[in-house]
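Okay, run05.txt is below, compact mmCIF, C-alpha atoms:
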```txt
# COMPACT_ATOMS: atom_id res chain seq x y z
CA GLU A 1 8.92 -21.04 92.89
CA LEU A 2 8.49 -24.77 93.48
CA SER A 3 9.98 -24.54 96.99
CA LYS A 4 12.67 -27.05 96.10
CA ALA A 5 16.39 -26.63 96.67
CA VAL A 6 18.58 -26.41 93.55
CA ASP A 7 21.07 -29.26 93.18
CA SER A 8 24.19 -27.15 92.64
CA ALA A 9 26.37 -30.17 91.91
CA LEU A 10 24.00 -31.35 89.17
CA VAL A 11 23.81 -27.87 87.65
CA THR A 12 27.59 -27.59 87.59
CA LYS A 13 27.91 -31.03 86.01
CA MET A 14 25.37 -30.17 83.29
CA LYS A 15 27.13 -26.88 82.51
CA GLU A 16 30.47 -28.66 82.23
CA GLU A 17 28.99 -31.26 79.86
CA ASN A 18 27.41 -28.55 77.73
CA SER A 19 30.69 -26.62 77.60
CA LYS A 20 32.56 -29.78 76.57
CA LYS A 21 30.05 -30.53 73.80
CA MET A 22 30.16 -26.91 72.63
CA GLU A 23 33.94 -27.05 72.34
CA GLU A 24 33.64 -30.25 70.31
CA PHE A 25 31.13 -28.62 67.95
CA GLU A 26 33.25 -25.48 67.57
CA ALA A 27 36.28 -27.64 66.72
CA PHE A 28 34.21 -29.67 64.25
CA ILE A 29 32.90 -26.49 62.55
CA ALA A 30 36.41 -24.98 62.33
CA ASP A 31 37.79 -28.18 60.81
CA ALA A 32 34.86 -28.43 58.38
CA LYS A 33 35.43 -24.88 57.16
CA GLU A 34 39.08 -25.68 56.41
CA ASN A 35 38.96 -29.26 55.19
CA GLU A 36 35.35 -30.22 54.44
CA GLY A 37 32.42 -28.85 52.46
CA GLU A 38 29.35 -26.75 53.15
CA THR A 39 27.27 -29.79 54.14
CA GLU A 40 29.59 -30.61 57.05
CA VAL A 41 29.69 -26.94 58.12
CA ARG A 42 25.90 -26.81 58.09
CA ASP A 43 25.65 -30.05 60.10
CA GLY A 44 28.02 -28.63 62.69
CA LEU A 45 26.11 -25.35 62.96
CA MET A 46 22.81 -27.23 63.30
CA ALA A 47 24.20 -29.44 66.07
CA LYS A 48 25.53 -26.36 67.86
CA ALA A 49 22.19 -24.53 67.54
CA GLN A 50 20.26 -27.56 68.81
CA LEU A 51 22.53 -27.80 71.85
CA LEU A 52 22.04 -24.09 72.57
CA ALA A 53 18.28 -24.46 72.18
CA ARG A 54 18.20 -27.39 74.64
CA SER A 55 20.36 -25.38 77.05
CA ALA A 56 17.73 -22.59 77.17
CA ASP A 57 20.09 -20.11 75.48
CA LYS A 58 17.57 -18.43 73.20
CA ALA A 59 19.54 -15.54 71.66
CA THR A 60 22.65 -17.55 70.73
CA ALA A 61 20.53 -20.46 69.47
CA VAL A 62 18.59 -18.14 67.14
CA THR A 63 21.88 -16.63 65.93
CA ALA A 64 23.32 -20.09 65.23
CA TYR A 65 20.25 -21.18 63.25
CA GLU A 66 20.28 -17.93 61.25
CA GLU A 67 24.00 -18.43 60.54
CA ALA A 68 23.24 -21.89 59.16
CA GLU A 69 20.42 -20.45 57.05
CA LYS A 70 22.73 -17.87 55.45
CA LEU A 71 25.12 -20.50 54.10
CA PRO A 72 25.21 -20.62 50.29
CA LYS A 73 23.45 -23.42 48.44
CA THR A 74 20.93 -23.92 51.26
CA THR A 75 17.93 -25.71 49.75
CA SER A 76 14.31 -24.71 50.37
CA GLY A 77 13.79 -27.90 52.38
CA GLN A 78 16.72 -27.05 54.66
CA LYS A 79 15.43 -23.49 55.05
CA LEU A 80 12.03 -24.88 56.05
CA ASP A 81 13.63 -27.14 58.66
CA LEU A 82 15.48 -24.11 60.05
CA SER A 83 12.22 -22.16 60.18
CA PHE A 84 10.56 -25.02 62.08
CA ASN A 85 13.42 -25.01 64.61
CA LEU A 86 13.17 -21.26 65.07
CA MET A 87 9.39 -21.46 65.48
CA ARG A 88 9.82 -24.08 68.20
CA ILE A 89 12.20 -21.76 70.04
CA GLY A 90 9.67 -18.94 69.74
CA MET A 91 6.87 -21.17 71.01
CA PHE A 92 8.91 -22.28 74.02
CA TRP A 93 9.78 -18.71 74.99
CA ASN A 94 6.36 -17.36 74.01
CA ASP A 95 8.07 -15.05 71.51
CA ILE A 96 5.07 -14.42 69.23
CA PRO A 97 6.86 -12.05 66.79
CA LEU A 98 9.61 -14.64 66.23
CA VAL A 99 7.05 -17.36 65.50
CA ASP A 100 5.05 -15.05 63.24
CA THR A 101 8.13 -14.01 61.23
CA HIS A 102 9.28 -17.55 60.52
CA CYS A 103 5.76 -18.87 59.96
CA LYS A 104 5.30 -16.32 57.17
CA ALA A 105 8.74 -17.16 55.75
CA ALA A 106 7.91 -20.87 55.79
CA LYS A 107 4.60 -20.28 53.98
CA VAL A 108 6.44 -18.42 51.22
CA LEU A 109 8.89 -21.32 50.85
CA ILE A 110 6.04 -23.85 50.79
CA ASP A 111 4.17 -21.87 48.13
CA ASN A 112 7.33 -21.88 46.01
CA GLY A 113 7.53 -25.66 46.00
CA GLY A 114 7.61 -27.35 49.39
CA ASP A 115 7.24 -31.11 49.71
CA TRP A 116 4.10 -32.84 51.02
CA GLU A 117 5.53 -33.82 54.42
CA ARG A 118 6.81 -30.33 55.29
CA ARG A 119 3.59 -28.76 54.00
CA ASN A 120 1.57 -30.84 56.47
CA ARG A 121 3.97 -30.07 59.32
CA LEU A 122 3.66 -26.35 58.60
CA LYS A 123 -0.13 -26.59 59.05
CA VAL A 124 0.41 -27.91 62.58
CA TYR A 125 3.00 -25.23 63.37
CA GLU A 126 0.73 -22.49 62.03
CA ALA A 127 -2.25 -23.87 63.97
CA THR A 128 -0.16 -23.85 67.16
CA TYR A 129 0.82 -20.24 66.49
CA LEU A 130 -2.84 -19.31 65.88
CA MET A 131 -3.81 -20.97 69.18
CA SER A 132 -1.26 -18.83 70.98
CA ILE A 133 -2.84 -15.64 69.57
CA ARG A 134 -6.38 -16.90 70.31
CA ASP A 135 -7.49 -17.36 66.68
CA PHE A 136 -9.21 -20.67 67.41
CA LYS A 137 -11.35 -20.75 64.26
CA LYS A 138 -8.41 -20.78 61.84
CA ALA A 139 -6.47 -23.06 64.19
CA ALA A 140 -9.34 -25.57 64.27
CA ALA A 141 -9.55 -25.60 60.47
CA LEU A 142 -5.81 -26.31 60.11
CA LEU A 143 -5.80 -28.95 62.84
CA LEU A 144 -8.75 -30.79 61.31
CA ASP A 145 -7.08 -30.59 57.92
CA SER A 146 -3.95 -32.24 59.39
CA ILE A 147 -5.65 -34.90 61.49
CA SER A 148 -4.99 -37.77 59.07
CA THR A 149 -1.49 -36.61 58.09
CA PHE A 150 -0.03 -35.51 61.45
CA THR A 151 3.76 -35.96 61.57
CA ALA A 152 4.91 -32.99 63.72
CA VAL A 153 5.76 -35.19 66.72
CA GLU A 154 8.67 -32.90 67.60
CA ILE A 155 6.29 -30.33 69.16
CA TYR A 156 3.67 -32.61 70.74
CA SER A 157 2.23 -36.11 70.59
CA TYR A 158 -0.74 -37.20 68.50
CA ASN A 159 -2.92 -37.48 71.63
CA GLN A 160 -2.06 -33.88 72.52
CA PHE A 161 -2.79 -32.88 68.93
CA VAL A 162 -6.27 -34.41 69.22
CA PHE A 163 -6.76 -32.59 72.53
CA TYR A 164 -6.03 -29.24 70.89
CA THR A 165 -8.26 -30.10 67.93
CA VAL A 166 -11.27 -30.86 70.12
CA VAL A 167 -10.70 -27.82 72.35
CA CYS A 168 -10.42 -25.40 69.41
CA ALA A 169 -13.39 -26.94 67.58
CA THR A 170 -15.61 -26.69 70.67
CA VAL A 171 -15.49 -22.88 70.78
CA ALA A 172 -14.96 -22.11 67.08
CA LEU A 173 -17.06 -24.41 64.89
CA ASP A 174 -20.78 -24.85 64.34
CA ARG A 175 -22.73 -27.89 65.54
CA LYS A 176 -22.90 -29.61 62.13
CA THR A 177 -19.16 -29.30 61.52
CA ILE A 178 -18.41 -30.60 65.01
CA ARG A 179 -20.62 -33.63 64.37
CA ASP A 180 -19.07 -34.44 61.00
CA LYS A 181 -15.41 -33.67 61.67
CA VAL A 182 -14.99 -34.16 65.43
CA VAL A 183 -17.64 -36.32 67.10
CA ASN A 184 -17.78 -38.84 64.25
CA ALA A 185 -14.15 -38.58 63.10
CA PRO A 186 -12.51 -42.04 63.33
CA GLU A 187 -9.05 -40.51 63.94
CA ILE A 188 -10.37 -38.69 67.02
CA LEU A 189 -12.50 -41.59 68.27
CA GLN A 190 -9.41 -43.81 68.14
CA VAL A 191 -7.57 -41.87 70.87
CA VAL A 192 -10.11 -39.64 72.66
CA HIS A 193 -10.99 -42.43 75.11
CA ASP A 194 -7.54 -41.87 76.67
CA ALA A 195 -8.84 -38.47 77.87
CA PRO A 196 -12.21 -39.14 79.58
CA ALA A 197 -12.88 -35.48 80.43
CA LEU A 198 -12.21 -34.40 76.83
CA GLN A 199 -14.47 -37.15 75.50
CA ALA A 200 -17.22 -36.19 77.94
CA MET A 201 -16.96 -32.53 76.93
CA MET A 202 -17.09 -33.37 73.23
CA THR A 203 -20.06 -35.75 73.39
CA SER A 204 -22.11 -33.98 76.06
CA LEU A 205 -22.12 -30.68 74.13
CA TYR A 206 -23.32 -32.39 70.96
CA GLU A 207 -25.90 -34.50 72.83
CA CYS A 208 -27.13 -31.46 74.81
CA ARG A 209 -26.22 -32.94 78.21
CA TYR A 210 -25.26 -29.58 79.61
CA LYS A 211 -24.83 -30.62 83.24
CA ASP A 212 -22.28 -33.26 82.19
CA LEU A 213 -20.64 -30.67 79.94
CA PHE A 214 -20.04 -28.25 82.79
CA VAL A 215 -18.61 -31.02 84.97
CA ALA A 216 -16.22 -32.07 82.18
CA LEU A 217 -15.21 -28.46 81.54
CA VAL A 218 -13.81 -28.16 85.05
CA GLU A 219 -11.24 -30.91 84.45
CA VAL A 220 -10.44 -29.80 80.90
CA VAL A 221 -9.79 -26.22 82.03
CA GLU A 222 -7.50 -27.49 84.80
CA GLN A 223 -5.44 -29.20 82.10
CA LEU A 224 -5.42 -26.02 80.02
CA HIS A 225 -4.06 -24.01 82.95
CA LEU A 226 -0.99 -26.28 82.90
CA ASP A 227 -0.57 -26.25 79.12
CA LEU A 228 2.26 -24.37 77.42
CA TYR A 229 0.11 -22.93 74.62
CA PHE A 230 -3.29 -22.64 76.33
CA ALA A 231 -2.44 -21.49 79.86
CA ALA A 232 -3.03 -17.82 79.00
CA HIS A 233 -6.36 -18.65 77.32
CA ALA A 234 -7.88 -21.11 79.82
CA ARG A 235 -10.33 -18.61 81.33
CA TYR A 236 -11.29 -17.35 77.87
CA PHE A 237 -11.96 -20.92 76.72
CA LEU A 238 -14.15 -21.58 79.76
CA ARG A 239 -16.22 -18.46 79.09
CA GLN A 240 -16.54 -19.19 75.37
CA SER A 241 -17.58 -22.80 76.03
CA ARG A 242 -20.36 -21.66 78.34
CA ILE A 243 -21.53 -19.12 75.75
CA VAL A 244 -21.66 -21.87 73.11
CA ALA A 245 -23.70 -24.07 75.46
CA TYR A 246 -26.13 -21.30 76.44
CA THR A 247 -26.61 -20.27 72.81
CA GLN A 248 -27.24 -23.85 71.69
CA TYR A 249 -29.74 -24.38 74.52
CA LEU A 250 -31.70 -21.16 73.88
CA GLU A 251 -32.00 -21.85 70.15
CA SER A 252 -34.56 -24.53 71.01
CA TYR A 253 -36.83 -22.20 72.99
CA HIS A 254 -38.64 -18.93 72.60
CA THR A 255 -39.18 -18.65 76.37
CA VAL A 256 -37.79 -20.83 79.15
CA GLU A 257 -38.04 -20.60 82.92
CA MET A 258 -34.85 -19.57 84.66
CA ALA A 259 -35.24 -22.37 87.23
CA SER A 260 -35.62 -24.98 84.48
CA MET A 261 -32.55 -23.71 82.64
CA ALA A 262 -30.53 -23.63 85.86
CA ALA A 263 -31.49 -27.24 86.61
CA THR A 264 -30.49 -28.31 83.09
CA PHE A 265 -27.03 -26.81 83.52
CA GLY A 266 -26.62 -27.87 87.14
CA LEU A 267 -26.33 -24.28 88.33
CA SER A 268 -28.06 -22.18 90.97
CA VAL A 269 -30.62 -19.65 89.76
CA PRO A 270 -28.74 -16.62 91.21
CA PHE A 271 -25.48 -17.68 89.50
CA LEU A 272 -27.21 -18.25 86.15
CA ASP A 273 -29.02 -14.93 86.49
CA ARG A 274 -25.74 -13.06 87.06
CA GLU A 275 -23.93 -14.82 84.24
CA LEU A 276 -26.69 -14.36 81.67
CA SER A 277 -27.01 -10.69 82.66
CA ASP A 278 -23.29 -10.14 82.07
CA LEU A 279 -23.36 -11.95 78.72
CA VAL A 280 -26.47 -10.08 77.51
CA ALA A 281 -25.02 -6.72 78.59
CA SER A 282 -21.77 -7.42 76.71
CA GLY A 283 -23.67 -8.49 73.58
CA ARG A 284 -22.41 -12.08 73.71
CA LEU A 285 -25.86 -13.65 74.15
CA SER A 286 -29.03 -12.81 72.23
CA CYS A 287 -31.82 -13.00 74.82
CA LYS A 288 -33.78 -11.01 77.40
CA ILE A 289 -34.34 -11.77 81.07
CA ASP A 290 -37.80 -11.17 82.53
CA LYS A 291 -36.99 -10.89 86.21
CA VAL A 292 -40.66 -10.56 87.24
CA LYS A 293 -41.81 -13.72 85.53
CA GLY A 294 -38.52 -15.53 86.10
CA VAL A 295 -38.07 -16.44 82.44
CA VAL A 296 -35.49 -16.03 79.71
CA CYS A 297 -36.78 -14.87 76.32
CA SER A 298 -34.64 -15.89 73.38
CA ASN A 299 -34.07 -13.35 70.61
CA ARG A 300 -33.12 -15.37 67.59
CA PRO A 301 -31.00 -13.18 65.33
CA ASP A 302 -32.46 -12.60 61.89
CA GLU A 303 -29.50 -12.98 59.53
CA LYS A 304 -31.29 -11.50 56.51
CA ASN A 305 -32.48 -8.46 58.43
CA SER A 306 -29.03 -8.03 60.00
CA LEU A 307 -27.39 -8.20 56.56
CA TYR A 308 -29.93 -5.67 55.22
CA GLN A 309 -29.21 -3.24 58.05
CA ARG A 310 -25.44 -3.56 57.56
CA THR A 311 -25.83 -2.97 53.82
CA ILE A 312 -27.88 0.18 54.44
CA LYS A 313 -25.37 1.45 56.98
CA HIS A 314 -22.38 0.85 54.70
CA GLY A 315 -24.28 2.35 51.75
CA ASP A 316 -25.00 5.55 53.69
CA ALA A 317 -21.37 5.80 54.71
CA LEU A 318 -20.26 5.36 51.09
CA LEU A 319 -22.70 8.02 49.85
CA ASN A 320 -21.44 10.48 52.47
CA ARG A 321 -17.85 9.90 51.39
CA ILE A 322 -18.77 10.37 47.71
CA GLN A 323 -20.56 13.66 48.51
CA LYS A 324 -17.52 14.93 50.44
CA LEU A 325 -15.23 13.93 47.59
CA SER A 326 -17.46 15.63 44.99
CA ARG A 327 -17.39 18.90 46.97
CA VAL A 328 -13.57 18.76 47.12
CA ILE A 329 -13.35 18.13 43.36
CA THR A 330 -15.80 20.97 42.62
CA ILE A 331 -13.73 23.41 44.71
```
Can you present the structure in this file as structure tokens?
Amino acid sequence: ELSKAVDSALVTKMKEENSKKMEEFEAFIADAKENEGETEVRDGLMAKAQLLARSADKATAVTAYEEAEKLPKTTSGQKLDLSFNLMRIGMFWNDIPLVDTHCKAAKVLIDNGGDWERRNRLKVYEATYLMSIRDFKKAAALLLDSISTFTAVEIYSYNQFVFYTVVCATVALDRKTIRDKVVNAPEILQVVHDAPALQAMMTSLYECRYKDLFVALVEVVEQLHLDLYFAAHARYFLRQSRIVAYTQYLESYHTVEMASMAATFGLSVPFLDRELSDLVASGRLSCKIDKVKGVVCSNRPDEKNSLYQRTIKHGDALLNRIQKLSRVITI
């Protein structure tokens, strides 16, 4: 795929080294079972599983970790560490069911008495899992909750952690929360300058500099396309970010000229017209386009009226079900 020739000699050498190490681990495990205790057996199984995981042998690595987990007298902390290892394998191979299974198992162990350090690491693992299934709102909440206690350096660096936090918050949180927990957060401000495009995206959205926002989004989305966890969601993030920007802009106006809005965002009028039309038609943007006058009319959603209408609708549905049930009982 990369149009590069495979170094057969290097591959052979690596396989031989892995085979040699595997034989050493197998001998160590066999000796531990005969002459040592369960701790040494577990250490040997863990070393074997880690080698298999690094060698891209998913199935046997999972089996080795599960074998270590089934050993008697395995503490809850050791089980949590095994779950973290299995979740990392699932994340690498994009095996969502595997990550989900062990994330749920880890949460049960934590609820039954996990320590502070593993509890914080689990938040990062769960947030990463939620990112992979596009639940950015819950992921953003967990990432922000872990920002001052981040220790899960085995999956990504702190700078990458901040990158994910800002990206998730941009499309999932309201303006006030972004200001308090992202734009003004000292932990984020300490490292965000290392990623100029990310910093520009974060500040320009809050400061309503939409043209700068769209320029920054281009570079941020290019990074997302190359990211292990976000590659599949890069286009979705770009669309959601634009929706957030359009919504924030239109909240300030009842009516705005299409040409003025296009100039604010650094877009051509035909492109903005097409995009707004698609978003309005799909129900993602609350506004109307007056093509004759060349204006966009904002329809600010009335939350109280919307809640009233939903209540009436659900009430009617409940009454219909009660009437059907009463007729069945009468018969």
Report as CSV: every residue of segment 277-328 of chain A with an atom at most 7 Å from segment 256-272 of chain A, its closest pair of atoms, and their distance in Å to one decimal, counting all atoms listed in the file, with rows sorted by chain and ascending residue number.
```
residue,atom,partner,partner_atom,distance
A:Gly294,CA,A:Met258,CA,5.6
A:Val295,CA,A:Glu257,CA,4.2
A:Val296,CA,A:Val256,CA,5.4
A:Cys297,CA,A:Val256,CA,6.7
```
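Considering the residues A:Glu40, A:Ile312, A:Ser55, A:Leu71 and counting only C-alpha atoms, Met14 of chain A has its shortest atom-to-atom contact with A:Ser55.
Residues in contact with Leu228 of chain A at up to 12 Å, not including ones fewer than 6 positions away on its chain and judged by only C-alpha atoms, are Arg88, Gly90, Met91, Phe92, Trp93, Asn94, Thr128, Tyr129, Met131, Ser132, Ile155, Tyr156, Gln160, Tyr164 and Ala234 of chain A.
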Who sits within 12 Å of Glu207 of chain A, only C-alpha atoms, same chain under 3 positions skipped, as a ChimeraX atom specification: /A:175,178-179,183,200-204,210-213,245,248-249
Selection: 12 Å around Phe28 of chain A, all atoms listed in the file, excl. self and same-chain fewer than 4 positions, as number ranges by chain: A: 21-24, 32-37, 40-48
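Separating atom CA of Asp135 of chain A from atom CA of Tyr158 of chain A is a distance of 21.0 Å.
Taking atom CA of Val167 of chain A as the reference point, atom CA of Phe237 of chain A is found at 8.3 Å.
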